[in-house]
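Everything on this sheet refers to the single structure shown next.
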Amino acid sequence: MIKNIIMYCCGVLTFITCSYAQQKQHLTQYVKPNIGSVHSRYFFYTPAAVPFGMAKLAPSTDGSYGNRSGWEAVGYDDRHHSIAGFPHFHEFQIGGVVFAPTVGEIKTNAGKVDMPHSGYLSSFDKVDEFATSGYYRVKLKDYGVQAELTATKRVGFHKYTFPSTDSANVIFDIGHVMGESGPVIDAEVTYDQQHVWGYVITSPLYVQKYQKGADIKMYFLLRLINCLSLMVPF
């Protein structure tokens, strides 16, 4: 009798533990970052980030599309089918430092949404895209590159899996106007075989309406692992 009670208690504890672990593991299935991205602000779509983190990574279907007044750009629009790199920062009045993996001919301009192959942007299929809380993945069709993004509280991680090629590139674009960041007015870049560091100063258009002459200075440090070549356009 005592043995049966012990086995029953163990069974109950095992069931409770398994149920709790299953619930904790699958909560992210309800997180759908793409919902609402069509009419959102630039800094709202940040799937590869943690709450209140410094690095907020996301794809950019067009970071400055429809940005007449300096605040309308959504950065990511779920109706678009091309990606022009992966910005590292998405904050109010802050945006940019774009990474773009490519294969073949090097293009240092992002290109236009309605002009395929006009720059380093790439088409993608929705079936090859996955976004959830803290993680984003997509396959860039034009280059056969799988891109994965995630982040900690202070650091963002970009992982690019290239096809077999002798012309793989990672473009590090700090001059691309993104969201509410405004034009770049100054920048400095230094690099060696494994690192890129420096700063970029932008002048947000929207903030000029309320604080003339205000600008934003962003510092960055990039560490490269197994990167074949690097372009740093401004």
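The way I read the labels, and the way they are meant: chains A, B, ... in the order of the structure tokens, residue 1 as the first residue of every chain, and ligand 1 as the first ligand shown, with later ones counted on from there.
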Quick one: DSSP helix (DSSP H, G or I) residues in stretch 28-188 of chain A, as a PyMOL selection string? chain A and resi 28-30+42-44+126-128
Name the residues of stretch 13-220 of chain A that come out as strand (DSSP E) in a backbone DSSP run; write them as a ChimeraX atom specification. /A:82-83,86-91,94-103,122-123,129-132,135-140,145-151,156-161,168-173,184-191,195-202,216-220
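Each of A:Tyr143, A:Tyr30, A:Phe130, A:Phe157 was compared to A:Pro87 using only C-alpha atoms, and A:Phe157 turns out to be the nearest.
Of the residues listed (A:Leu149, A:Ala110, A:Ile171, A:Ile201), A:Leu149 shows the shortest atom-to-atom separation from A:Tyr135; distances use only C-alpha atoms.
Neighbouring residues of A:Leu224 at 9 Å or closer, counting only C-alpha atoms and skipping chain neighbours under 5 positions away, are A:Gln193, A:Gln194, A:His195, A:Val196.
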Within 12 Å of A:Arg68, counting only C-alpha atoms, which residues qualify if same-chain residues fewer than 6 places away don't, as an MDAnalysis selection string? chainID A and resid 179:180 182 205:206
Could those residues be written to a file, using N, CA and C atoms, as a PDB file, in the first residue's frame?
```
ATOM      1  N   GLY A 179      14.046  54.362 -41.587  1.00  0.00           N
ATOM      2  CA  GLY A 179      12.968  54.798 -40.706  1.00  0.00           C
ATOM      3  C   GLY A 179      13.029  56.267 -40.363  1.00  0.00           C
ATOM      4  N   GLU A 180      13.120  56.546 -39.071  1.00  0.00           N
ATOM      5  CA  GLU A 180      13.111  57.925 -38.593  1.00  0.00           C
ATOM      6  C   GLU A 180      14.512  58.461 -38.324  1.00  0.00           C
ATOM      7  N   GLY A 182      16.801  59.661 -40.404  1.00  0.00           N
ATOM      8  CA  GLY A 182      17.209  60.824 -41.165  1.00  0.00           C
ATOM      9  C   GLY A 182      18.538  60.613 -41.862  1.00  0.00           C
ATOM     10  N   LEU A 205      14.674  63.790 -39.355  1.00  0.00           N
ATOM     11  CA  LEU A 205      13.852  64.851 -39.921  1.00  0.00           C
ATOM     12  C   LEU A 205      12.716  65.251 -38.981  1.00  0.00           C
ATOM     13  N   TYR A 206      12.125  64.260 -38.348  1.00  0.00           N
ATOM     14  CA  TYR A 206      10.952  64.528 -37.510  1.00  0.00           C
ATOM     15  C   TYR A 206      11.316  65.382 -36.301  1.00  0.00           C
TER      16      TYR A 206
END
```
Which neighbours of A:Lys159 fall inside 9 Å, counting only C-alpha atoms, when residues of the same chain fewer than 2 positions from it are skipped, and could you give them as JSON, numbers by chain? {"A": [146, 147, 148, 149, 150, 157, 161]}
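Counting only C-alpha atoms, the residue from A:Pro183, A:Asn226, A:Ser133, A:Lys212 that sits nearest to A:Val50 is A:Ser133.
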If we count only C-alpha atoms, what is near stretch 70-74 of chain A at a cut-off of 9 Å, once residues fewer than 5 positions away on the same chain are taken out, given as a list of chain:residue names? A:Ser37, A:Val38, A:His39, A:Ser40, A:Arg41, A:Tyr42, A:Phe43, A:Phe44, A:Tyr45, A:Ser60, A:Thr61, A:Asp62, A:Gly63, A:Ser64, A:Tyr65, A:Gln93, A:Met178, A:Gly179, A:Glu180, A:Ser181, A:Gly182, A:Pro204, A:Leu205, A:Tyr206, A:Val207
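Pairwise distance (atom CA of A:Met218, atom CA of A:Gly85) equals 18.6 Å.
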When you draw a straight line from atom CA of A:Phe52 to atom CA of A:Asp215, how long is it in Å? 22.2 Å
Within 10 Å of A:Gly175 using only C-alpha atoms, minus same-chain residues under 3 positions, as number ranges by chain: A: 96-98, 108-109, 172, 178, 183-187, 200-202, 232-234
